[in-house]
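For reference, coords-v1.csv is printed below; it contains CSV, C-alpha atoms and all ligand atoms.
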chain,number,residue,atom,x,y,z
A,1,MET,CA,19.1,-2.0,10.2
A,2,LYS,CA,20.2,-4.4,7.5
A,3,THR,CA,17.9,-7.1,6.0
A,4,ARG,CA,17.7,-8.7,2.5
A,5,VAL,CA,15.0,-6.1,1.7
A,6,THR,CA,17.2,-3.0,2.7
A,7,GLU,CA,20.0,-4.5,0.6
A,8,LEU,CA,17.7,-5.2,-2.4
A,9,LEU,CA,16.2,-1.7,-2.4
A,10,GLY,CA,19.3,0.3,-1.2
A,11,ILE,CA,17.5,1.8,1.8
A,12,GLU,CA,18.4,2.6,5.4
A,13,TYR,CA,15.3,1.3,7.2
A,14,PRO,CA,13.0,-1.7,6.3
A,15,VAL,CA,9.9,0.5,6.2
A,16,ILE,CA,8.0,0.8,2.9
A,17,GLN,CA,5.1,3.1,2.1
A,18,GLY,CA,2.3,1.3,0.2
A,19,GLY,CA,1.6,2.5,-3.3
A,20,MET,CA,-2.0,3.7,-2.6
A,21,ALA,CA,-4.2,4.9,-5.5
A,22,TRP,CA,-4.6,8.7,-5.6
A,23,VAL,CA,-2.9,9.0,-2.2
A,24,ALA,CA,0.7,7.9,-2.9
A,25,GLU,CA,1.7,10.8,-5.2
A,26,TYR,CA,5.2,12.2,-5.5
A,27,HIS,CA,5.4,14.4,-2.4
A,28,LEU,CA,4.6,11.5,-0.1
A,29,ALA,CA,6.8,9.0,-1.9
A,30,ALA,CA,9.8,11.4,-2.0
A,31,ALA,CA,9.4,12.3,1.7
A,32,VAL,CA,9.4,8.6,2.7
A,33,SER,CA,12.5,7.9,0.6
A,34,GLU,CA,14.2,11.0,1.9
A,35,ALA,CA,13.5,9.8,5.5
A,36,GLY,CA,15.4,6.5,4.7
A,37,GLY,CA,12.4,4.3,4.0
A,38,PHE,CA,11.1,3.3,0.6
A,39,GLY,CA,8.5,5.5,-1.0
A,40,ILE,CA,6.2,4.1,-3.7
A,41,LEU,CA,4.2,6.1,-6.2
A,42,GLY,CA,0.7,4.6,-6.7
A,43,ALA,CA,-0.5,4.5,-10.3
A,44,GLY,CA,-4.0,3.4,-9.2
A,45,GLY,CA,-6.4,4.1,-12.0
A,46,ALA,CA,-4.3,6.9,-13.6
A,47,GLY,CA,-3.1,7.1,-17.2
A,48,ALA,CA,0.5,6.3,-18.3
A,49,ASP,CA,1.4,10.0,-19.0
A,50,PHE,CA,0.3,11.0,-15.6
A,51,VAL,CA,2.4,8.2,-14.1
A,52,ARG,CA,5.5,9.3,-16.1
A,53,GLU,CA,5.1,12.8,-14.8
A,54,GLN,CA,4.8,11.6,-11.2
A,55,ILE,CA,8.1,9.6,-11.6
A,56,ARG,CA,9.9,12.7,-13.0
A,57,ARG,CA,8.6,15.0,-10.3
A,58,CYS,CA,9.6,12.5,-7.6
A,59,ARG,CA,13.1,12.3,-9.0
A,60,GLU,CA,13.3,16.1,-8.7
A,61,LEU,CA,12.6,15.9,-5.0
A,62,THR,CA,14.9,13.0,-4.0
A,63,ASP,CA,18.1,11.3,-5.2
A,64,LYS,CA,17.1,8.3,-3.1
A,65,PRO,CA,15.5,5.2,-4.6
A,66,PHE,CA,11.7,4.9,-4.9
A,67,GLY,CA,9.2,2.6,-6.5
A,68,LEU,CA,6.0,2.4,-8.5
A,69,ASN,CA,2.9,0.4,-7.7
A,70,ILE,CA,0.9,-0.8,-10.7
A,71,MET,CA,-2.7,-1.7,-10.0
A,72,LEU,CA,-3.3,-4.4,-12.5
A,73,MET,CA,-7.0,-3.7,-13.0
A,74,ASN,CA,-6.0,-0.4,-14.6
A,75,PRO,CA,-6.9,-0.5,-18.3
A,76,GLU,CA,-3.5,1.2,-19.1
A,77,ALA,CA,-1.5,-1.3,-17.0
A,78,ASP,CA,0.4,-2.5,-20.2
A,79,LYS,CA,1.5,1.1,-21.0
A,80,ILE,CA,2.4,1.8,-17.3
A,81,ALA,CA,4.5,-1.3,-17.2
A,82,ARG,CA,6.5,0.1,-20.1
A,83,VAL,CA,6.8,3.5,-18.4
A,84,ALA,CA,8.4,1.8,-15.4
A,85,VAL,CA,11.1,0.5,-17.8
A,86,GLU,CA,11.6,3.7,-19.8
A,87,GLU,CA,11.8,5.9,-16.6
A,88,GLY,CA,13.9,3.3,-14.7
A,89,VAL,CA,12.3,3.1,-11.3
A,90,LYS,CA,14.2,1.1,-8.6
A,91,ALA,CA,11.3,-1.3,-8.0
A,92,VAL,CA,7.8,-2.2,-9.1
A,93,THR,CA,5.1,-3.5,-6.8
A,94,THR,CA,1.8,-4.8,-8.2
A,95,GLY,CA,-1.6,-5.2,-6.7
A,96,ALA,CA,-5.0,-6.7,-7.5
A,97,GLY,CA,-3.8,-9.3,-10.0
A,98,ASN,CA,-1.0,-11.4,-11.5
A,99,PRO,CA,2.0,-9.5,-13.0
A,100,GLY,CA,3.5,-12.6,-14.6
A,101,LYS,CA,3.4,-11.3,-18.2
A,102,TYR,CA,5.5,-8.2,-17.4
A,103,MET,CA,8.2,-9.8,-15.2
A,104,ALA,CA,10.7,-10.7,-17.9
A,105,ALA,CA,10.8,-7.1,-19.2
A,106,TRP,CA,11.2,-5.6,-15.8
A,107,LYS,CA,13.9,-8.0,-14.7
A,108,GLU,CA,15.8,-7.4,-18.0
A,109,ALA,CA,15.7,-3.6,-17.2
A,110,GLY,CA,17.2,-4.3,-13.7
A,111,ILE,CA,14.0,-3.3,-11.9
A,112,ARG,CA,13.3,-5.1,-8.6
A,113,VAL,CA,10.0,-6.9,-8.9
A,114,ILE,CA,7.8,-7.2,-5.7
A,115,PRO,CA,4.3,-8.5,-6.3
A,116,VAL,CA,1.7,-8.0,-3.5
A,117,VAL,CA,0.1,-11.4,-2.7
A,118,ALA,CA,-2.7,-12.4,-0.5
A,119,SER,CA,-2.2,-16.2,-0.6
A,120,VAL,CA,0.5,-18.8,-0.4
A,121,ALA,CA,-0.4,-20.2,-3.9
A,122,MET,CA,0.1,-16.8,-5.4
A,123,ALA,CA,3.4,-16.3,-3.4
A,124,ARG,CA,4.8,-19.6,-4.8
A,125,MET,CA,3.7,-18.7,-8.4
A,126,MET,CA,5.4,-15.3,-8.1
A,127,GLU,CA,8.7,-16.8,-6.8
A,128,ARG,CA,8.7,-19.2,-9.7
A,129,ALA,CA,8.1,-16.4,-12.1
A,130,GLY,CA,11.3,-14.6,-10.8
A,131,ALA,CA,10.0,-12.1,-8.2
A,132,ASP,CA,12.8,-10.6,-6.0
A,133,ALA,CA,10.6,-10.3,-2.9
A,134,LEU,CA,7.0,-10.3,-2.0
A,135,VAL,CA,4.6,-8.2,0.0
A,136,ALA,CA,2.3,-10.5,2.0
A,137,GLU,CA,-0.8,-8.4,2.6
A,138,GLY,CA,-3.4,-9.4,5.2
A,139,MET,CA,-7.0,-8.5,5.1
A,140,GLU,CA,-6.6,-5.9,7.8
A,141,SER,CA,-5.4,-3.6,5.0
A,142,GLY,CA,-7.3,-0.8,3.4
A,143,GLY,CA,-8.4,-0.9,-0.2
A,144,HIS,CA,-8.6,-4.1,-2.3
A,145,ILE,CA,-8.0,-7.1,0.0
A,146,GLY,CA,-7.7,-10.9,0.1
A,147,SER,CA,-9.3,-13.1,2.8
A,148,THR,CA,-6.5,-14.1,5.2
A,149,THR,CA,-5.2,-12.1,8.1
A,150,THR,CA,-1.6,-10.8,8.4
A,151,PHE,CA,-1.0,-12.9,11.4
A,152,ALA,CA,-1.9,-16.1,9.5
A,153,LEU,CA,-0.6,-15.1,6.1
A,154,VAL,CA,3.0,-13.9,6.8
A,155,PRO,CA,4.4,-17.0,8.5
A,156,GLN,CA,2.8,-19.3,5.9
A,157,VAL,CA,4.2,-17.3,3.0
A,158,ALA,CA,7.6,-17.0,4.7
A,159,ASP,CA,7.7,-20.8,5.0
A,160,ALA,CA,6.6,-21.3,1.4
A,161,VAL,CA,9.2,-19.1,-0.4
A,162,LYS,CA,13.0,-18.4,-0.2
A,163,ILE,CA,12.8,-14.8,-1.3
A,164,PRO,CA,12.3,-12.1,1.3
A,165,VAL,CA,8.8,-11.3,2.6
A,166,ILE,CA,7.5,-7.9,3.4
A,167,ALA,CA,4.5,-7.9,5.8
A,168,ALA,CA,1.6,-5.5,5.2
A,169,GLY,CA,-1.9,-5.1,6.8
A,170,GLY,CA,-2.6,-3.9,10.3
A,171,ILE,CA,0.9,-2.5,10.9
A,172,ALA,CA,1.3,1.1,12.0
A,173,ASP,CA,3.9,1.2,14.8
A,174,GLY,CA,6.9,-0.4,16.4
A,175,ARG,CA,4.8,-3.2,17.9
A,176,GLY,CA,3.5,-4.2,14.4
A,177,PHE,CA,7.1,-3.9,13.0
A,178,ALA,CA,8.5,-6.3,15.7
A,179,ALA,CA,5.6,-8.7,15.4
A,180,ALA,CA,6.1,-8.8,11.6
A,181,PHE,CA,9.7,-9.7,12.0
A,182,MET,CA,8.8,-12.4,14.5
A,183,LEU,CA,6.5,-13.9,11.9
A,184,GLY,CA,9.3,-14.1,9.4
A,185,ALA,CA,9.1,-10.7,7.5
A,186,GLU,CA,12.3,-8.7,6.7
A,187,ALA,CA,10.5,-5.4,6.2
A,188,VAL,CA,7.0,-3.9,6.7
A,189,GLN,CA,4.8,-1.9,4.3
A,190,LEU,CA,2.4,0.7,5.8
A,191,GLY,CA,-0.4,2.6,4.2
A,192,THR,CA,-2.9,4.1,6.6
A,193,ARG,CA,-0.4,5.9,8.9
A,194,PHE,CA,1.2,7.5,5.9
A,195,VAL,CA,-2.2,8.8,4.5
A,196,ALA,CA,-2.2,11.0,7.6
A,197,ALA,CA,1.4,12.1,7.3
A,198,SER,CA,2.1,15.9,7.0
A,199,GLU,CA,3.6,15.4,3.5
A,200,SER,CA,0.6,13.5,2.3
A,201,THR,CA,-1.4,15.8,0.0
A,202,VAL,CA,-4.8,14.1,0.6
A,203,HIS,CA,-7.6,16.5,1.7
A,204,ALA,CA,-7.5,17.5,5.4
A,205,ASN,CA,-11.0,15.9,5.9
A,206,TYR,CA,-9.7,12.5,4.9
A,207,LYS,CA,-6.8,12.8,7.4
A,208,GLN,CA,-9.2,13.8,10.1
A,209,LYS,CA,-11.4,10.8,9.5
A,210,ILE,CA,-8.4,8.5,9.9
A,211,ILE,CA,-7.3,10.2,13.0
A,212,ALA,CA,-10.8,10.1,14.5
A,213,ALA,CA,-11.4,6.4,13.5
A,214,LYS,CA,-11.8,3.6,16.0
A,215,ASP,CA,-10.9,-0.1,15.7
A,216,ILE,CA,-14.3,-1.1,14.3
A,217,ASP,CA,-14.9,1.8,11.9
A,218,SER,CA,-14.0,0.1,8.6
A,219,GLU,CA,-16.3,-1.9,6.4
A,220,VAL,CA,-15.7,-4.2,3.5
A,221,THR,CA,-17.8,-3.5,0.3
A,222,GLY,CA,-18.0,-5.6,-2.8
A,223,MET,CA,-17.4,-9.0,-1.2
A,224,SER,CA,-20.3,-10.6,-3.1
A,225,HIS,CA,-18.8,-9.8,-6.5
A,226,GLY,CA,-15.2,-10.9,-5.6
A,227,HIS,CA,-13.9,-7.3,-5.3
A,228,PRO,CA,-13.7,-6.7,-1.6
A,229,VAL,CA,-12.5,-3.2,-0.7
A,230,ARG,CA,-11.9,-2.0,2.9
A,231,GLN,CA,-12.8,1.6,3.7
A,232,LEU,CA,-14.1,3.7,6.5
A,233,ARG,CA,-17.9,3.5,7.1
A,234,ASN,CA,-19.9,6.4,5.8
A,235,SER,CA,-23.1,7.2,3.8
A,236,MET,CA,-21.4,5.7,0.7
A,237,THR,CA,-20.7,2.3,2.3
A,238,ARG,CA,-24.1,2.2,4.0
A,239,GLU,CA,-25.9,2.7,0.6
A,240,TYR,CA,-23.5,0.3,-1.2
A,241,LEU,CA,-24.0,-2.5,1.3
A,242,LYS,CA,-27.7,-2.0,1.3
A,243,ARG,CA,-27.8,-2.4,-2.5
A,244,GLU,CA,-25.3,-5.2,-2.4
A,245,LYS,CA,-27.4,-7.1,0.1
A,246,ALA,CA,-30.5,-6.5,-2.1
A,247,GLY,CA,-28.6,-8.3,-5.0
A,248,ALA,CA,-27.5,-5.3,-7.1
A,249,SER,CA,-25.4,-6.2,-10.1
A,250,PHE,CA,-21.6,-5.6,-10.2
A,251,GLU,CA,-22.1,-2.9,-12.9
A,252,GLU,CA,-24.6,-0.9,-10.8
A,253,LEU,CA,-22.3,-1.0,-7.7
A,254,GLU,CA,-19.3,-0.2,-9.8
A,255,GLN,CA,-21.2,2.9,-11.2
A,256,MET,CA,-21.7,4.1,-7.6
A,257,THR,CA,-18.0,3.9,-6.7
A,258,LEU,CA,-16.6,5.3,-9.9
A,259,GLY,CA,-14.6,8.4,-9.0
A,260,ALA,CA,-15.5,8.0,-5.3
A,261,LEU,CA,-11.9,7.7,-4.1
A,262,ARG,CA,-10.9,10.9,-6.0
A,263,LYS,CA,-13.9,12.6,-4.3
A,264,ALA,CA,-12.5,11.7,-0.9
A,265,VAL,CA,-8.8,12.4,-1.6
A,266,VAL,CA,-9.2,15.6,-3.7
A,267,GLU,CA,-12.5,17.1,-2.6
A,268,GLY,CA,-12.6,15.9,1.0
A,269,ASP,CA,-16.1,14.5,0.5
A,270,THR,CA,-16.2,12.2,3.6
A,271,ALA,CA,-19.8,11.2,3.1
A,272,GLY,CA,-20.1,10.3,-0.5
A,273,GLY,CA,-16.4,9.5,-1.1
A,274,THR,CA,-14.4,6.2,-0.6
A,275,LEU,CA,-12.2,6.6,2.5
A,276,MET,CA,-9.9,3.6,2.0
A,277,ALA,CA,-8.1,2.8,5.3
A,278,GLY,CA,-7.0,-0.3,7.2
A,279,GLN,CA,-8.3,-1.7,10.5
A,280,ILE,CA,-5.3,-0.1,12.2
A,281,ALA,CA,-6.6,3.4,11.6
A,282,GLY,CA,-7.7,3.5,15.3
A,283,LEU,CA,-4.0,3.6,16.2
A,284,VAL,CA,-3.2,6.7,14.1
A,285,LYS,CA,-3.6,9.6,16.5
A,286,LYS,CA,-2.0,12.6,14.8
A,287,GLU,CA,-0.5,14.1,11.7
A,288,GLU,CA,3.3,13.6,11.7
A,289,SER,CA,6.1,13.9,9.2
A,290,CYS,CA,7.3,10.8,7.4
A,291,ARG,CA,10.6,11.2,9.2
A,292,GLU,CA,8.8,11.1,12.6
A,293,ILE,CA,6.7,8.1,11.6
A,294,ILE,CA,9.8,6.1,10.5
A,295,ARG,CA,11.8,7.1,13.5
A,296,ASP,CA,9.0,6.1,15.9
A,297,ILE,CA,8.6,2.7,14.2
A,298,MET,CA,12.3,2.0,14.1
A,299,GLU,CA,13.1,3.1,17.7
A,300,HIS,CA,10.3,1.2,19.4
A,301,GLY,CA,10.5,-1.7,17.0
A,302,MET,CA,14.2,-2.3,17.5
A,303,GLN,CA,13.7,-1.9,21.3
A,304,LEU,CA,11.1,-4.7,21.2
A,305,LEU,CA,13.1,-7.0,19.0
A,306,SER,CA,16.2,-6.6,21.2
A,307,GLY,CA,14.1,-7.6,24.2
A,308,GLU,CA,14.8,-4.3,26.0
A,309,GLY,CA,11.4,-2.8,25.5
A,310,ARG,CA,7.9,-3.5,26.5
A,311,ALA,CA,4.8,-3.0,24.4
A,312,LYS,CA,3.5,0.5,25.2
B,401,LIG,O1,-4.0,-3.8,-4.6
B,401,LIG,C1,-4.1,-3.7,-3.4
B,401,LIG,N1,-4.9,-2.8,-2.8
B,401,LIG,C2,-5.7,-1.9,-3.5
B,401,LIG,S1,-5.7,-1.6,-5.2
B,401,LIG,C3,-6.7,-0.4,-5.1
B,401,LIG,S2,-7.3,0.5,-6.4
B,401,LIG,C4,-9.0,0.2,-6.4
B,401,LIG,N2,-9.7,1.3,-6.5
B,401,LIG,C5,-11.0,1.2,-6.5
B,401,LIG,C6,-11.6,0.0,-6.3
B,401,LIG,C7,-10.9,-1.1,-6.2
B,401,LIG,C8,-9.5,-1.0,-6.2
B,401,LIG,C9,-7.0,-0.2,-3.8
B,401,LIG,N3,-6.4,-1.0,-2.9
B,401,LIG,N4,-3.5,-4.6,-2.5
B,401,LIG,C10,-2.7,-5.6,-3.0
B,401,LIG,C11,-3.5,-6.8,-3.2
B,401,LIG,N5,-3.4,-7.6,-4.2
B,401,LIG,N6,-4.4,-7.3,-2.3
B,401,LIG,C12,-4.9,-8.5,-2.8
B,401,LIG,C13,-4.3,-8.6,-4.0
B,401,LIG,C14,-4.4,-9.7,-5.0
B,401,LIG,C15,-5.6,-10.2,-5.3
B,401,LIG,C16,-5.7,-11.2,-6.3
B,401,LIG,C17,-3.2,-10.1,-5.6
B,401,LIG,C18,-3.3,-11.1,-6.5
B,401,LIG,C19,-4.5,-11.7,-6.9
B,401,LIG,O2,-4.5,-12.7,-7.8
B,401,LIG,C20,-5.5,-12.7,-8.7
B,401,LIG,C21,-5.1,-13.6,-9.9
B,401,LIG,O3,-5.1,-13.0,-11.0
B,401,LIG,O4,-4.7,-14.7,-9.6

Translate the structure described by the file into C-alpha cells.
Ligand code: TUI
Amino acid sequence: MKTRVTELLGIEYPVIQGGMAWVAEYHLAAAVSEAGGFGILGAGGAGADFVREQIRRCRELTDKPFGLNIMLMNPEADKIARVAVEEGVKAVTTGAGNPGKYMAAWKEAGIRVIPVVASVAMARMMERAGADALVAEGMESGGHIGSTTTFALVPQVADAVKIPVIAAGGIADGRGFAAAFMLGAEAVQLGTRFVAASESTVHANYKQKIIAAKDIDSEVTGMSHGHPVRQLRNSMTREYLKREKAGASFEELEQMTLGALRKAVVEGDTAGGTLMAGQIAGLVKKEESCREIIRDIMEHGMQLLSGEGRAK
C-alpha cells in the first residue's frame, strides 16, 4: 500500500512501531522494519552512548530503514539529537515536548522529522518549523499523554496541516487502521500490541499483564502536576494516586516513579513497576511475531477500506 508516509520513509506498509522508552530496543525495531513496517528505537531516558550502540546494533540486524524516538525531557536530549545526525537514522520522532531547536540540523542531515503532537496548535507549529509528517497521538495511548482522544484529534490535525498525519492511540488491529484512514491519517503508529510481540525483549510478566488486561485496566497518574502517564493499574498506581490526591509534591511523586519503568521491563516487577500500556491493551490477546501483527493489520484493514470486509 502506497501513501505519502510509505514514500517518505521508504517502507512497504504504513504501520509504525512507537519509540517506547526501555521497550523499543533494537531487536523489536529491526523486526518491525524487516516485516515491512517502520521500527523505531526509543531513547527514553537513556544516555547518548547507549543510543548510539542501539542504532549500530539495529543496523546489523536489518538493511531496511528505521527511526529513533527522542523523549525531549531526557537530560541528554541535545547529545542524542547529535547522535541521530552522526549515525544517520532515516527518521526522528519526538515526544513530550517541542523539538523546534533541533529541526534545522536534522533536516540538513537529510533526516525525516516527525514530531509527535497531542494538539492542533502544536501540529501547526511543527509544520511551520519544517516537519515532514506528524504523529497525532490521542490520550488512549500508553505513557505520557495529552488530553484529546484519537477520534477527535486526528481529523482536526488532518484539516489543520498539509503534511501527512500518522494516527496513534487506541489502534491495535485492522479496524483501528481503517478507522484512522477514514479520519484522514496516512499511516498508523502502534505501541501496546508490539510490547507483547515475540521479538519484544520486555520481561514475560509485562507481556502477560498486557495480554490479561481488560478495557478499563489502565490508570492515568501525574495529572495534577501536568505530567499525565497512562499505565496498567497495580500497587504502584494505587499508592501514587493516593499520595497525589493527598497533595504530594511533584518531587515526592517523581521519586516514587524513578526507575519504575525499568523495574517492569527488565525485572518483571508487575506490582511496583510502571506497566505503561494503552487503553487498547484489552484487544491484545496473544504473543505474535511482528510479521504476524503487521500482516493481520494490513489484511483486515485493507478489506475494511475496500468495503469488502465487515468488522470482526
Ligand atoms: O512521549 C510520548 N509518550 C511517552 S514519553 C515516555 S518516557 C516517560 N517516562 C517516565 C515518565 C514520563 C515519561 C513515555 N511515554 N508520547 C508523545 C507525546 N508527546 N504525547 C504528548 C506529547 C506532547 C506533550 C506536550 C508533545 C508536545 C508537547 O508540547 C509541550 C510544549 O513544549 O509545548

Exercise answer, 8 Å around ligand LIG 401 (chain B) with only C-alpha atoms and all ligand atoms, as a ChimeraX atom specification: /A:20-21,44-45,71-73,94-98,115-119,122,137-139,141-146,227-229,257-258,261,276

Nearest to Phe50 in chain A, restricted to all atoms listed in the file and choosing among A:Val83, A:Leu304, A:Val266, A:Ala271, comes out as A:Val83

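Here CA of Arg238 in chain A is placed at a distance of 27.1 Å from CA of Gly42 in chain A.
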
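Taking all atoms listed in the file, the non-local environment of range 247-249 of chain A within 10 Å (same-chain residues fewer than 5 positions away omitted) comprises Ser224, His225, Tyr240, Leu241, Lys242 and Glu254 of chain A.
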
Give me, as a ChimeraX atom specification, all polymer residues having an atom no more than 7 Å from Glu219 in chain A, counting all atoms listed in the file and skipping those fewer than 4 positions away in the same chain. /A:230-233

What's around Ile211 in chain A at 8 Å? Count only C-alpha atoms, leave out sequence neighbours fewer than 6 positions away in its own chain, and write the answer as a count of residues only. 7

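Relative to CA of Thr192 in chain A, CA of Gln279 in chain A is found at 8.8 Å.
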
Near-range 53-64 of chain A list (10 Å; all atoms listed in the file; drop same-chain fewer than 2 positions) as a PyMOL selection string: chain A and resi 10-11+24-43+48-51+66-68+83-84+87-90

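With only C-alpha atoms as the atoms that count, the residue of A:Leu275, A:Ala131, A:Ala123, A:Leu153 with the shortest distance to Ile111 in chain A is A:Ala131.
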
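Going from CA of Gly174 in chain A over to CA of Val265 in chain A, you cover 27.1 Å.
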
Best match for closeness to Arg52 in chain A among A:Glu252, A:Pro65, A:Asn74, A:Glu86, counting all atoms listed in the file: A:Glu86

Neighbouring residues of Met298 in chain A were defined as those with any atom within 10 Å, considering all atoms listed in the file; residues of the same chain fewer than 4 positions away were excluded. Please report them as a ChimeraX atom specification. /A:1,13-15,173-175,177-178,292-294,302-304

Closest of A:Ile163, A:Ala277, A:Ala264, A:Ala185 to Ser218 in chain A, counting all atoms listed in the file, is A:Ala277

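With all atoms listed in the file as the atoms that count, the minimum distance from Met103 in chain A to the choices A:Arg243, A:Lys79, A:Arg4, A:Arg128 is reached by A:Arg128.
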
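Between Leu134 in chain A and the residues A:Val157, A:Val120, A:Val5, A:Ile114, the shortest atom-to-atom distance, using only C-alpha atoms, involves A:Ile114.
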